[in-house]
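As stored in structure.cif (mmCIF, C-alpha atoms and all ligand atoms):
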data_run
#
loop_
_atom_site.label_atom_id
_atom_site.label_comp_id
_atom_site.auth_asym_id
_atom_site.auth_seq_id
_atom_site.Cartn_x
_atom_site.Cartn_y
_atom_site.Cartn_z
CA MET A 1 11.54 5.95 -25.78
CA ILE A 2 8.52 4.20 -24.42
CA CYS A 3 5.89 1.91 -25.90
CA TYR A 4 2.71 0.14 -24.80
CA TYR A 5 0.62 -2.90 -25.56
CA ASN A 6 -2.50 -4.25 -24.17
CA HIS A 7 -4.93 -7.09 -24.35
CA LEU A 8 -6.55 -9.57 -22.09
CA VAL A 9 -8.90 -12.41 -21.72
CA VAL A 10 -11.12 -13.22 -18.81
CA PRO A 11 -12.45 -16.51 -17.49
CA PRO A 12 -13.96 -16.81 -13.92
CA VAL A 13 -13.71 -18.31 -10.25
CA VAL A 14 -16.52 -17.57 -7.62
CA VAL A 15 -17.25 -16.80 -3.84
CA VAL A 16 -20.83 -15.97 -2.46
CA GLY A 17 -21.24 -12.62 -0.88
CA VAL A 18 -18.19 -12.33 -3.09
CA ARG A 19 -17.17 -14.07 -6.28
CA PHE A 20 -13.64 -14.70 -7.59
CA SER A 21 -12.46 -15.16 -11.20
CA ILE A 22 -9.28 -14.94 -13.37
CA ALA A 23 -8.39 -12.47 -16.35
CA LYS A 24 -5.75 -11.50 -19.13
CA PRO A 25 -3.72 -8.32 -19.75
CA SER A 26 -4.11 -5.15 -21.62
CA LEU A 27 -2.37 -1.76 -21.80
CA LEU A 28 -3.54 1.74 -20.94
CA ARG A 29 -2.25 5.17 -20.41
CA ALA A 30 -2.83 7.10 -17.20
CA GLN A 31 -2.62 10.55 -15.87
CA ASN A 32 0.05 11.46 -13.47
CA PRO A 33 1.03 14.91 -12.48
CA MET A 34 4.43 13.57 -11.57
CA ALA A 35 5.16 11.81 -14.82
CA SER A 36 5.69 12.59 -18.45
CA ASP A 37 4.91 11.55 -21.94
CA LEU A 38 4.94 8.35 -23.81
CA SER A 39 3.92 9.19 -27.25
CA SER A 40 2.36 12.60 -27.33
CA ASP A 41 2.93 16.01 -25.82
CA SER A 42 -0.30 15.72 -23.89
CA SER A 43 0.79 12.59 -22.10
CA VAL A 44 1.59 12.45 -18.40
CA PHE A 45 4.53 10.07 -18.47
CA ARG A 46 8.04 11.26 -17.90
CA ARG A 47 10.33 10.02 -20.62
CA VAL A 48 13.52 8.78 -19.07
CA SER A 49 15.16 7.78 -22.33
CA SER A 50 14.17 7.89 -25.93
CA SER A 51 15.62 7.70 -29.37
CA SER A 52 14.37 7.21 -32.87
CA PRO A 53 12.49 4.06 -33.07
CA ASN A 54 12.95 1.04 -35.11
CA ARG A 55 10.24 -0.72 -33.26
CA ARG A 56 11.59 -0.12 -29.81
CA ARG A 57 9.56 -1.43 -26.90
CA ASP A 58 7.63 1.19 -24.94
CA LEU A 59 7.96 0.44 -21.24
CA VAL A 60 6.02 2.36 -18.61
CA PHE A 61 7.33 2.06 -15.04
CA VAL A 62 4.66 2.85 -12.44
CA VAL A 63 6.59 3.75 -9.31
CA ASN A 64 5.08 4.11 -5.85
CA PRO A 65 7.56 6.43 -4.11
CA ARG A 66 5.91 5.71 -0.74
CA GLY A 67 6.24 1.92 -1.00
CA ALA A 68 8.04 0.14 1.84
CA ASN A 69 7.95 3.32 3.89
CA GLY A 70 9.79 5.30 1.22
CA ARG A 71 12.45 2.68 0.48
CA THR A 72 10.96 2.12 -2.99
CA ASP A 73 11.73 5.71 -3.97
CA LYS A 74 15.34 5.49 -2.80
CA GLU A 75 15.91 2.13 -4.49
CA TRP A 76 14.28 3.33 -7.71
CA LYS A 77 16.55 6.37 -7.90
CA LYS A 78 19.59 4.17 -7.38
CA LEU A 79 18.33 1.77 -10.04
CA LEU A 80 17.67 4.34 -12.78
CA PRO A 81 21.22 4.55 -14.19
CA PHE A 82 21.42 0.76 -14.53
CA LEU A 83 17.93 0.61 -16.01
CA GLN A 84 18.83 3.22 -18.62
CA SER A 85 22.08 1.53 -19.54
CA ARG A 86 20.50 -1.94 -19.74
CA LEU A 87 17.22 -1.06 -21.51
CA GLY A 88 17.76 2.39 -22.99
CA SER A 89 19.20 1.22 -26.30
CA ASP A 90 16.23 -1.04 -27.14
CA CYS A 91 13.33 0.51 -25.30
CA ASN A 92 11.57 3.78 -24.74
CA ILE A 93 11.42 4.14 -20.97
CA CYS A 94 8.74 6.13 -19.19
CA GLU A 95 8.57 6.68 -15.48
CA SER A 96 5.32 7.61 -13.78
CA LEU A 97 5.31 8.26 -10.04
CA THR A 98 2.07 7.64 -8.22
CA SER A 99 0.65 10.54 -6.25
CA GLY A 100 -1.60 8.49 -3.97
CA PRO A 101 -3.80 5.40 -3.64
CA SER A 102 -5.44 4.18 -6.88
CA HIS A 103 -3.34 6.45 -9.06
CA ALA A 104 -1.46 3.45 -10.47
CA ILE A 105 -4.78 2.16 -11.86
CA ASP A 106 -5.28 5.31 -13.93
CA ILE A 107 -1.69 5.42 -15.09
CA THR A 108 -1.90 1.81 -16.25
CA ARG A 109 -5.14 2.31 -18.14
CA GLU A 110 -3.72 5.34 -19.89
CA ALA A 111 -0.51 3.49 -20.79
CA ILE A 112 -2.44 0.58 -22.27
CA LYS A 113 -4.63 2.87 -24.33
CA GLU A 114 -1.47 4.53 -25.61
CA GLY A 115 -0.19 1.16 -26.77
CA ALA A 116 2.56 0.46 -24.21
CA ASP A 117 4.39 -2.82 -24.64
CA ALA A 118 4.55 -3.31 -20.91
CA VAL A 119 3.43 -1.61 -17.73
CA ILE A 120 5.81 -2.41 -14.92
CA ALA A 121 4.78 -2.05 -11.29
CA VAL A 122 7.65 -0.75 -9.12
CA GLY A 123 6.77 -1.22 -5.47
CA GLY A 124 4.96 -3.74 -3.33
CA ASP A 125 1.92 -5.95 -3.71
CA GLY A 126 -0.40 -2.96 -3.30
CA THR A 127 1.13 -1.25 -6.31
CA LEU A 128 1.09 -4.49 -8.31
CA HIS A 129 -2.56 -4.94 -7.39
CA GLU A 130 -3.47 -1.47 -8.63
CA VAL A 131 -1.57 -1.97 -11.89
CA VAL A 132 -3.38 -5.29 -12.43
CA ASN A 133 -6.73 -3.56 -11.86
CA GLY A 134 -5.66 -0.97 -14.44
CA PHE A 135 -5.62 -3.69 -17.09
CA PHE A 136 -9.41 -3.79 -16.81
CA TRP A 137 -12.24 -1.35 -17.09
CA ASP A 138 -15.94 -1.98 -16.65
CA GLY A 139 -15.43 -5.74 -16.44
CA LYS A 140 -13.36 -5.92 -19.65
CA PRO A 141 -9.70 -5.71 -20.59
CA VAL A 142 -8.58 -2.21 -21.46
CA ALA A 143 -8.00 -1.89 -25.17
CA ASN A 144 -5.00 -0.39 -26.88
CA GLN A 145 -6.17 2.53 -29.01
CA LYS A 146 -3.05 2.68 -31.17
CA THR A 147 -3.67 0.70 -34.31
CA GLU A 148 0.02 0.10 -34.97
CA ALA A 149 0.48 -1.98 -31.81
CA VAL A 150 1.27 -5.60 -32.58
CA HIS A 151 1.29 -7.01 -29.06
CA SER A 152 -0.99 -6.76 -26.11
CA THR A 153 0.43 -4.87 -23.15
CA ALA A 154 2.23 -7.11 -20.69
CA LEU A 155 2.44 -6.72 -16.95
CA GLY A 156 5.88 -6.39 -15.37
CA LEU A 157 7.11 -6.17 -11.79
CA ILE A 158 10.11 -4.80 -9.95
CA PRO A 159 9.35 -5.99 -6.41
CA LEU A 160 10.36 -3.26 -3.98
CA GLY A 161 7.66 -3.39 -1.31
CA THR A 162 7.39 -4.42 2.33
CA GLY A 163 6.01 -7.90 1.73
CA SER A 164 6.32 -8.40 -2.04
CA ASP A 165 4.44 -11.65 -1.60
CA PHE A 166 3.52 -12.25 -5.23
CA ALA A 167 7.19 -12.26 -6.25
CA ARG A 168 7.85 -15.05 -3.73
CA THR A 169 5.54 -17.43 -5.57
CA LEU A 170 7.53 -16.85 -8.76
CA GLY A 171 10.72 -17.46 -6.78
CA TRP A 172 11.93 -13.91 -7.34
CA LYS A 173 14.17 -12.13 -4.89
CA ASN A 174 13.77 -8.46 -4.03
CA ASP A 175 16.66 -7.84 -6.42
CA PRO A 176 15.78 -5.01 -8.81
CA CYS A 177 18.73 -5.74 -11.10
CA GLU A 178 17.45 -9.27 -11.67
CA ALA A 179 14.04 -7.78 -12.42
CA ILE A 180 15.59 -5.48 -15.05
CA GLU A 181 17.24 -8.50 -16.67
CA ARG A 182 13.86 -10.23 -16.88
CA ILE A 183 12.36 -7.14 -18.48
CA ALA A 184 15.26 -6.96 -20.93
CA LYS A 185 14.61 -10.55 -22.00
CA GLY A 186 10.89 -9.78 -22.21
CA VAL A 187 9.65 -13.38 -22.04
CA ARG A 188 5.87 -13.36 -21.58
CA SER A 189 3.71 -15.91 -19.77
CA ARG A 190 -0.01 -16.11 -19.26
CA ILE A 191 -0.83 -15.36 -15.63
CA ASP A 192 -4.21 -15.86 -14.02
CA VAL A 193 -6.08 -13.01 -12.41
CA GLY A 194 -8.98 -13.49 -10.00
CA VAL A 195 -12.17 -11.55 -10.65
CA ILE A 196 -14.27 -10.64 -7.61
CA SER A 197 -17.89 -9.77 -8.25
CA ARG A 198 -20.10 -8.32 -5.55
CA GLU A 199 -23.78 -7.65 -5.86
CA GLY A 200 -24.41 -4.12 -7.00
CA GLU A 201 -20.70 -3.35 -7.53
CA GLY A 202 -18.25 -3.56 -10.42
CA SER A 203 -15.61 -6.25 -10.79
CA HIS A 204 -12.41 -6.13 -8.80
CA TYR A 205 -9.24 -8.06 -9.70
CA PHE A 206 -6.53 -9.80 -7.71
CA ILE A 207 -3.33 -11.52 -8.73
CA ASN A 208 -2.19 -12.85 -5.37
CA VAL A 209 -4.71 -13.80 -2.66
CA ALA A 210 -8.26 -12.67 -1.89
CA ASP A 211 -9.42 -13.43 1.63
CA ILE A 212 -12.35 -13.09 3.95
CA HIS A 213 -12.83 -12.48 7.66
CA LEU A 214 -9.99 -12.58 10.21
CA SER A 215 -7.08 -12.49 7.76
CA ALA A 216 -8.68 -9.59 5.90
CA LYS A 217 -9.22 -7.72 9.14
CA ALA A 218 -5.59 -8.47 10.05
CA GLY A 219 -4.47 -6.96 6.75
CA TYR A 220 -6.56 -3.90 7.46
CA TYR A 221 -4.83 -3.36 10.81
CA ALA A 222 -1.39 -4.33 9.45
CA SER A 223 -1.39 -1.29 7.19
CA ARG A 224 -1.03 0.83 10.36
CA TYR A 225 2.15 -0.95 11.37
CA LYS A 226 4.15 -1.00 8.11
CA LYS A 227 7.08 0.66 9.87
CA PHE A 228 7.65 -2.67 11.61
CA GLY A 229 8.23 -4.41 8.27
CA ASN A 230 6.73 -7.89 7.87
CA LEU A 231 6.00 -8.08 11.61
CA CYS A 232 3.12 -5.69 10.86
CA TYR A 233 1.03 -8.63 9.63
CA VAL A 234 1.42 -10.60 12.87
CA ILE A 235 0.62 -7.50 14.95
CA GLY A 236 -2.37 -6.86 12.69
CA ALA A 237 -3.62 -10.44 13.14
CA LEU A 238 -3.41 -10.26 16.94
CA GLN A 239 -5.30 -6.98 16.93
CA ALA A 240 -7.89 -8.49 14.59
CA PHE A 241 -8.57 -11.31 17.07
CA MET A 242 -9.76 -8.75 19.62
CA GLY A 243 -13.55 -8.95 19.49
CA HIS A 244 -13.37 -11.45 16.63
CA ARG A 245 -16.13 -14.04 16.20
CA ASN A 246 -15.90 -17.02 13.87
CA GLN A 247 -18.92 -17.11 11.54
CA ASP A 248 -20.89 -19.70 9.58
CA LEU A 249 -20.67 -19.08 5.83
CA ARG A 250 -22.40 -20.76 2.91
CA ILE A 251 -20.05 -21.69 0.09
CA LYS A 252 -20.60 -22.93 -3.45
CA VAL A 253 -17.62 -24.09 -5.52
CA ASN A 254 -17.42 -24.86 -9.24
CA GLU A 255 -21.13 -24.03 -9.68
CA GLY A 256 -22.07 -26.99 -7.44
CA GLU A 257 -24.34 -27.14 -4.39
CA TRP A 258 -24.36 -24.64 -1.55
CA LYS A 259 -22.77 -26.03 1.61
CA THR A 260 -22.54 -24.52 5.05
CA CYS A 261 -19.07 -24.07 6.44
CA SER A 262 -19.27 -23.61 10.19
CA GLN A 263 -17.27 -21.29 12.40
CA VAL A 264 -15.08 -19.89 9.66
CA THR A 265 -12.08 -17.95 10.95
CA ALA A 266 -10.69 -17.11 7.53
CA LEU A 267 -11.34 -18.14 3.94
CA CYS A 268 -8.47 -17.53 1.53
CA VAL A 269 -8.63 -17.81 -2.26
CA GLY A 270 -5.08 -18.12 -3.57
CA ASN A 271 -4.05 -17.41 -7.13
CA ALA A 272 -0.51 -17.38 -5.71
CA LYS A 273 0.92 -18.87 -2.53
CA TYR A 274 1.88 -16.13 -0.08
CA PHE A 275 0.29 -13.28 1.81
CA GLY A 276 0.97 -11.37 5.02
CA GLY A 277 4.68 -10.87 4.39
CA GLY A 278 5.65 -14.47 3.67
CA MET A 279 2.86 -16.66 5.10
CA LYS A 280 2.48 -19.58 2.67
CA ILE A 281 -1.27 -19.59 3.08
CA THR A 282 -2.24 -21.36 -0.16
CA PRO A 283 0.85 -23.52 -0.72
CA ASN A 284 -0.55 -25.37 -3.74
CA ALA A 285 -1.72 -22.32 -5.67
CA ASP A 286 -0.23 -21.79 -9.11
CA PRO A 287 -0.95 -18.54 -10.97
CA CYS A 288 -0.58 -20.32 -14.30
CA SER A 289 -3.05 -23.14 -13.56
CA GLY A 290 -6.37 -21.45 -14.42
CA SER A 291 -7.70 -22.33 -10.96
CA PHE A 292 -7.43 -21.23 -7.32
CA GLU A 293 -6.54 -22.96 -4.10
CA VAL A 294 -9.12 -22.24 -1.40
CA VAL A 295 -7.93 -22.70 2.18
CA ILE A 296 -10.44 -22.40 5.01
CA LEU A 297 -9.47 -22.05 8.68
CA GLN A 298 -12.30 -22.94 11.07
CA ASP A 299 -12.80 -22.40 14.75
CA PHE A 300 -9.38 -20.82 15.36
CA LYS A 301 -8.71 -18.91 18.55
CA TRP A 302 -5.97 -16.35 18.93
CA TYR A 303 -3.72 -18.85 20.67
CA ASP A 304 -4.20 -21.36 17.82
CA PHE A 305 -2.94 -18.67 15.50
CA LEU A 306 0.17 -18.06 17.60
CA LEU A 307 0.87 -21.78 18.16
CA LYS A 308 0.48 -22.56 14.45
CA LEU A 309 2.09 -19.40 13.10
CA HIS A 310 5.27 -21.20 12.04
CA LYS A 311 3.14 -23.65 10.04
CA LEU A 312 1.44 -20.78 8.27
CA TYR A 313 4.84 -19.44 7.27
CA ASN A 314 6.16 -22.73 5.94
CA GLY A 315 2.89 -23.92 4.39
CA THR A 316 2.45 -27.03 6.54
CA HIS A 317 -0.78 -25.76 8.15
CA LEU A 318 -2.88 -27.85 5.75
CA SER A 319 -2.25 -30.87 7.99
CA VAL A 320 -3.66 -29.05 11.03
CA ASN A 321 -7.16 -29.86 12.35
CA ASN A 322 -9.80 -27.41 11.15
CA VAL A 323 -7.82 -26.40 8.07
CA THR A 324 -9.11 -27.53 4.67
CA SER A 325 -7.83 -26.93 1.17
CA ARG A 326 -9.25 -27.53 -2.29
CA ASN A 327 -8.64 -26.56 -5.86
CA VAL A 328 -11.50 -24.57 -7.42
CA TYR A 329 -12.38 -22.75 -10.62
CA THR A 330 -15.11 -20.64 -9.12
CA ILE A 331 -16.29 -19.97 -5.62
CA GLU A 332 -19.24 -18.07 -4.20
CA VAL A 333 -19.59 -17.05 -0.59
CA ASP A 334 -22.75 -16.10 1.24
CA ASP A 335 -22.74 -14.43 4.64
CA ILE A 336 -25.63 -16.30 6.22
CA SER A 337 -24.96 -14.76 9.59
CA GLY A 338 -25.99 -11.40 8.19
CA SER A 339 -23.49 -9.93 10.63
CA GLY A 340 -22.34 -7.38 8.08
CA ASP A 341 -18.92 -7.15 9.70
CA ILE A 342 -16.95 -9.76 7.79
CA PHE A 343 -13.95 -8.07 6.19
CA ILE A 344 -12.79 -8.87 2.68
CA GLN A 345 -9.49 -7.97 1.10
CA SER A 346 -7.93 -8.46 -2.27
CA ASP A 347 -4.12 -8.65 -2.53
CA GLY A 348 -4.00 -6.97 0.87
CA GLU A 349 -6.32 -4.14 -0.14
CA TYR A 350 -9.32 -3.68 2.13
CA LEU A 351 -12.51 -4.05 0.07
CA GLY A 352 -15.07 -3.43 2.82
CA PHE A 353 -17.46 -5.98 4.27
CA LEU A 354 -18.66 -9.21 2.76
CA PRO A 355 -21.87 -8.54 0.89
CA ARG A 356 -24.63 -11.10 0.82
CA LYS A 357 -23.41 -12.45 -2.51
CA LEU A 358 -19.83 -12.61 -3.67
CA SER A 359 -18.27 -14.69 -6.41
CA ILE A 360 -14.75 -15.26 -7.69
CA LEU A 361 -13.84 -16.39 -11.21
CA PRO A 362 -10.64 -16.60 -13.26
CA ALA A 363 -9.32 -14.37 -16.07
CA ALA A 364 -5.73 -13.83 -17.31
CA ILE A 365 -3.12 -11.34 -18.49
CA GLU A 366 0.34 -11.66 -19.97
CA MET A 367 3.26 -11.06 -17.66
CA ILE A 368 6.99 -10.65 -18.23
CA CYS A 369 8.36 -13.51 -16.16
N1 LIG B 1 2.20 8.65 -3.52
C1 LIG B 1 1.60 7.84 -2.65
N2 LIG B 1 1.40 8.23 -1.36
C2 LIG B 1 0.81 7.43 -0.46
N3 LIG B 1 0.35 6.17 -0.75
C3 LIG B 1 0.53 5.71 -2.01
C4 LIG B 1 1.16 6.52 -3.01
N4 LIG B 1 1.17 5.82 -4.16
C5 LIG B 1 0.60 4.63 -3.89
N5 LIG B 1 0.21 4.57 -2.60
C6 LIG B 1 -0.44 3.45 -1.89
O1 LIG B 1 0.56 2.73 -1.18
C7 LIG B 1 0.06 1.40 -1.00
C8 LIG B 1 1.16 0.45 -0.60
O2 LIG B 1 2.18 0.48 -1.53
P1 LIG B 1 3.09 -0.79 -1.92
O3 LIG B 1 2.30 -2.02 -2.02
O4 LIG B 1 3.88 -0.39 -3.11
O5 LIG B 1 4.12 -0.89 -0.72
P2 LIG B 1 4.09 -1.77 0.60
O6 LIG B 1 2.74 -1.70 1.24
O7 LIG B 1 5.25 -1.30 1.41
O8 LIG B 1 4.42 -3.23 0.10
P3 LIG B 1 3.59 -4.63 0.23
O9 LIG B 1 2.21 -4.33 -0.28
O10 LIG B 1 4.33 -5.58 -0.66
O11 LIG B 1 3.63 -5.01 1.66
C9 LIG B 1 -0.58 1.09 -2.34
O12 LIG B 1 -1.63 0.19 -2.17
C10 LIG B 1 -1.07 2.46 -2.83
O13 LIG B 1 -2.48 2.58 -2.74
#

How does the structure come out when it is put into C-alpha cells?
Ligand SMILES: Nc1ncnc2c1ncn2[C@@H]1O[C@H](COP(=O)(O)OP(=O)(O)OP(=O)(O)O)[C@@H](O)[C@H]1O
Amino acid sequence: MICYYNHLVVPPVVVVGVRFSIAKPSLLRAQNPMASDLSSDSSVFRRVSSSSPNRRRDLVFVVNPRGANGRTDKEWKKLLPFLQSRLGSDCNICESLTSGPSHAIDITREAIKEGADAVIAVGGDGTLHEVVNGFFWDGKPVANQKTEAVHSTALGLIPLGTGSDFARTLGWKNDPCEAIERIAKGVRSRIDVGVISREGEGSHYFINVADIHLSAKAGYYASRYKKFGNLCYVIGALQAFMGHRNQDLRIKVNEGEWKTCSQVTALCVGNAKYFGGGMKITPNADPCSGSFEVVILQDFKWYDFLLKLHKLYNGTHLSVNNVTSRNVYTIEVDDISGSGDIFIQSDGEYLGFLPRKLSILPAAIEMIC
C-alpha cells in the first residue's frame, strides 16, 4: 500500500534581482501516465505493494528513469525486490515514473494532496529539486486534503543521479540499500529550503545551492555533457568562461544596507555544501541551520578557475584572494549593470537571467534523514 502526508512552514532568505528564502514540507498527489494509484482508482500512481492497512505508511517513489543517463532506471529496477521485501510489510509503496522535466513537481503535489506519508525522490539533484518544488504551490506549502492524515508529508531521497550533491552534505553514499534502510526507520528532521522570489514571477525553491553568473552559466552548459559524468561541470565551466564578463552587483543581506560588490564572477547561496558534482562551494552551509552561506568569487579569470579548481573541490577556496563567505538569513541581489545576461540557477536548474530584483529567504520541510 501507499500513504501520504504533507505540511510545511516557510521563513525567508533574500538576493536582489533575486531573493532566497527557506521552507517546510507538505504532501501532494500528481499525475503520471506511467504510474498508478495510491488511494483511489482515479490516481496515477502505480501500486507496487499493498495490503490491508493498519495504519501503514503510504510512500510514493518519484523515479526519473532518465537520471544519470539512464542508470537511475536500471538501478531502480534492481532495487525494487529489496525495497518490497524491506518496506512492503509496513508500507504501501507507489512508484511513479517521470515522463519529462517538471513532471516530478506535479506528481509530488498530487501525492501530498492524497495524504502520502512521504514522497521520495529517486534520481539526481534535478529530480530532488523538482520534488521539493512540488511541496509548494503559489508560495505556500501544499496541503493534504485527506482529513485522516496525522502527519505532514516528508521528503525522502534515494540518490541515484550523476552528481547527487545534496546527499554528499548529509554524508550519504550513492548506496540505494542504505537509503531504503533510512526510509524504513523513517526518522524525520526539519530541513531548510531556500525561497527565490523574482519581480513579477512566482516563488521558486531550492534545497541545495542557488547561484548567479558564471557558475550558473557553467551548469547550463554542463547539462549538455552529462555523458561525461561529473567532468561535465568542469567542461561546462570552461565553456562558460568564453565571452564571460565579471559584473558589478548590488547586494543587501539580512535586510541591511545595499552594498556594491565589484567584478562578481559568481555568487553562490548555499543551503547545503556541494554543487557541480562534488565542488564544496559553500563548505560551512548547514541545511538545518535556518540560514545560508553566501560565497562570492570576484574578478576570477578562466585560469584562476583551473588553478584553484582543487580548492573548490575540497572547500579550501575560502582562503583564496577575492573569495568571501558569510552566513545570511536573507539576501537580495540587484543587477546594476543592466546587462540582462547574468544567469541564475537553482539546484542546477537554469532559471533564466537575473532580473533587476531578486531575493532569497528561508522556509523548511521535513525530511527522512
Ligand atoms: N522522463 C524524463 N525524460 C527526460 N528528462 C527527464 C525525465 N524525467 C525527469 N527529467 C529531467 O531530468 C533532469 C535530470 O535528472 P536527475 O537530476 O535525476 O539526474 P542527473 O542530472 O543525472 O543527476 P544530478 O542532477 O545529480 O547531476 C531533471 O531535472 C528532470 O527535469

Nearby residues, ligand LIG 1 (chain B), 6 Å, only C-alpha atoms and all ligand atoms, as number ranges by chain:
A: 64-69, 98-102, 123-127, 161-164

Taking (12.7, -1.9, -12.8) in the file's own coordinates, collect the residues within 8 Å, counting all atoms listed in the file, and hand them back as a VMD selection string.
chain A and resid 61 76 79 to 80 83 120 122 157 to 158 176 to 177 179 to 180 183

Report the centre and edge lengths, in Å to one decimal, of an axis-aligned box enclosing every atom of segment 229-240 of chain A listed in the file, padded by 3 Å on each side, as JSON.
{"center_x": 0.2, "center_y": -7.5, "center_z": 12.4, "size_x": 22.1, "size_y": 12.2, "size_z": 15.1}

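The space separating atom CA of Asp106 of chain A from atom CA of Glu199 of chain A comes to 24.0 Å.
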
Excluding same-chain residues fewer than 2 positions from Asn174 of chain A, what lies within 7 Å of it counting all atoms listed in the file, as a VMD selection string?
chain A and resid 159 to 160 172 176

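The smallest atom-to-atom distance between Asp335 of chain A and any of A:Arg190, A:Lys173, A:Lys259, A:Arg71, using only C-alpha atoms, is found for A:Lys259.
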
Kindly assemble as a Markdown table a list of the segment 331-366 of chain A residues that lie within 12 Å of segment 229-243 of chain A, each paired with its nearest atom pair and their distance in Å to one decimal, using all atoms listed in the file, sorted first by chain and then by ascending residue number.
| residue | atom | partner | partner_atom | distance |
| --- | --- | --- | --- | --- |
| A:Asp341 | CA | A:Gly243 | CA | 11.3 |
| A:Ile342 | CA | A:Ala240 | CA | 11.4 |
| A:Phe343 | CA | A:Ala240 | CA | 10.4 |
| A:Gly348 | CA | A:Tyr233 | CA | 10.2 |

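When atom CA of Tyr350 of chain A is paired with atom CA of Tyr329 of chain A, their separation reads 23.1 Å.
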
Counting only C-alpha atoms, what is within 7 Å of Cys369 of chain A, bar same-chain residues fewer than 2 positions away, as a list in words?
Arg182, Val187, Arg188, Ser189 and Met367 of chain A

Could you state the separation of atom CA of Val132 of chain A and atom CA of Glu110 of chain A in Å, given to one decimal place?
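Going from atom CA of Val132 of chain A over to atom CA of Glu110 of chain A covers 13.0 Å.
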
Exercise: residues within 7 Å of coordinate (-9.3, -10.9, 11.5), counting all atoms listed in the file, as an MDAnalysis selection string
chainID A and resid 213:218 237 240:241 244

Using only C-alpha atoms, which of A:Gly290, A:Gly186, A:Gly202, A:Pro81 sits nearest Phe136 of chain A?
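Of all the options, A:Gly202 lies closest to Phe136 of chain A.
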
Residue among A:Cys261, A:Ile212, A:Val269, A:Ala364 lying closest to Thr330 of chain A, counting only C-alpha atoms
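Going through A:Cys261, A:Ile212, A:Val269, A:Ala364 one by one, the smallest distance to Thr330 of chain A is for A:Val269.
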
Out of A:Val62, A:Ile336, A:Val294, A:Ala285, which residue has the shortest atom-to-atom distance to Gln247 of chain A when counting all atoms listed in the file?
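Ranked by minimum distance to Gln247 of chain A, first place goes to A:Ile336.
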
Nearest to Gly270 of chain A among A:Phe353, A:Phe305, A:Phe292, A:Tyr313, with distances taken over only C-alpha atoms: which residue is it?
A:Phe292

Would you mind listing what lies within 12 Å of Asp299 of chain A as number ranges by chain, with all atoms listed in the file counted and same-chain residues fewer than 4 positions away left out?
A: 214, 244-248, 261-267, 303-305, 320-324

Pull C-alpha atoms from the residues just selected and write them as a PDB file, in the frame of the given file.
ATOM      1  CA  LEU A 214      -9.990 -12.580  10.210  1.00  0.00           C
ATOM      2  CA  HIS A 244     -13.370 -11.450  16.630  1.00  0.00           C
ATOM      3  CA  ARG A 245     -16.130 -14.040  16.200  1.00  0.00           C
ATOM      4  CA  ASN A 246     -15.900 -17.020  13.870  1.00  0.00           C
ATOM      5  CA  GLN A 247     -18.920 -17.110  11.540  1.00  0.00           C
ATOM      6  CA  ASP A 248     -20.890 -19.700   9.580  1.00  0.00           C
ATOM      7  CA  CYS A 261     -19.070 -24.070   6.440  1.00  0.00           C
ATOM      8  CA  SER A 262     -19.270 -23.610  10.190  1.00  0.00           C
ATOM      9  CA  GLN A 263     -17.270 -21.290  12.400  1.00  0.00           C
ATOM     10  CA  VAL A 264     -15.080 -19.890   9.660  1.00  0.00           C
ATOM     11  CA  THR A 265     -12.080 -17.950  10.950  1.00  0.00           C
ATOM     12  CA  ALA A 266     -10.690 -17.110   7.530  1.00  0.00           C
ATOM     13  CA  LEU A 267     -11.340 -18.140   3.940  1.00  0.00           C
ATOM     14  CA  TYR A 303      -3.720 -18.850  20.670  1.00  0.00           C
ATOM     15  CA  ASP A 304      -4.200 -21.360  17.820  1.00  0.00           C
ATOM     16  CA  PHE A 305      -2.940 -18.670  15.500  1.00  0.00           C
ATOM     17  CA  VAL A 320      -3.660 -29.050  11.030  1.00  0.00           C
ATOM     18  CA  ASN A 321      -7.160 -29.860  12.350  1.00  0.00           C
ATOM     19  CA  ASN A 322      -9.800 -27.410  11.150  1.00  0.00           C
ATOM     20  CA  VAL A 323      -7.820 -26.400   8.070  1.00  0.00           C
ATOM     21  CA  THR A 324      -9.110 -27.530   4.670  1.00  0.00           C
TER      22      THR A 324
END

Expected file for segment 102-111 of chain A keeping N, CA and C atoms, as a PDB file, in the first residue's frame:
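So the final result, stored in out.pdb, reads:
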ATOM      1  N   SER A 102       9.889  18.600 -15.076  1.00  0.00           N
ATOM      2  CA  SER A 102       8.820  19.197 -14.246  1.00  0.00           C
ATOM      3  C   SER A 102       7.723  18.219 -13.846  1.00  0.00           C
ATOM      4  N   HIS A 103       7.724  17.029 -14.427  1.00  0.00           N
ATOM      5  CA  HIS A 103       6.656  16.093 -14.077  1.00  0.00           C
ATOM      6  C   HIS A 103       6.695  15.718 -12.597  1.00  0.00           C
ATOM      7  N   ALA A 104       7.915  15.629 -12.043  1.00  0.00           N
ATOM      8  CA  ALA A 104       8.038  15.247 -10.628  1.00  0.00           C
ATOM      9  C   ALA A 104       7.343  16.266  -9.719  1.00  0.00           C
ATOM     10  N   ILE A 105       7.269  17.514 -10.161  1.00  0.00           N
ATOM     11  CA  ILE A 105       6.584  18.549  -9.355  1.00  0.00           C
ATOM     12  C   ILE A 105       5.106  18.180  -9.224  1.00  0.00           C
ATOM     13  N   ASP A 106       4.491  17.860 -10.356  1.00  0.00           N
ATOM     14  CA  ASP A 106       3.058  17.534 -10.354  1.00  0.00           C
ATOM     15  C   ASP A 106       2.777  16.264  -9.563  1.00  0.00           C
ATOM     16  N   ILE A 107       3.626  15.276  -9.756  1.00  0.00           N
ATOM     17  CA  ILE A 107       3.423  14.012  -9.034  1.00  0.00           C
ATOM     18  C   ILE A 107       3.460  14.277  -7.531  1.00  0.00           C
ATOM     19  N   THR A 108       4.443  15.065  -7.109  1.00  0.00           N
ATOM     20  CA  THR A 108       4.597  15.335  -5.678  1.00  0.00           C
ATOM     21  C   THR A 108       3.381  16.076  -5.130  1.00  0.00           C
ATOM     22  N   ARG A 109       2.940  17.082  -5.835  1.00  0.00           N
ATOM     23  CA  ARG A 109       1.771  17.836  -5.357  1.00  0.00           C
ATOM     24  C   ARG A 109       0.557  16.917  -5.203  1.00  0.00           C
ATOM     25  N   GLU A 110       0.386  16.071  -6.187  1.00  0.00           N
ATOM     26  CA  GLU A 110      -0.763  15.161  -6.150  1.00  0.00           C
ATOM     27  C   GLU A 110      -0.633  14.199  -4.962  1.00  0.00           C
ATOM     28  N   ALA A 111       0.566  13.690  -4.752  1.00  0.00           N
ATOM     29  CA  ALA A 111       0.790  12.744  -3.650  1.00  0.00           C
ATOM     30  C   ALA A 111       0.516  13.406  -2.299  1.00  0.00           C
TER      31      ALA A 111
END
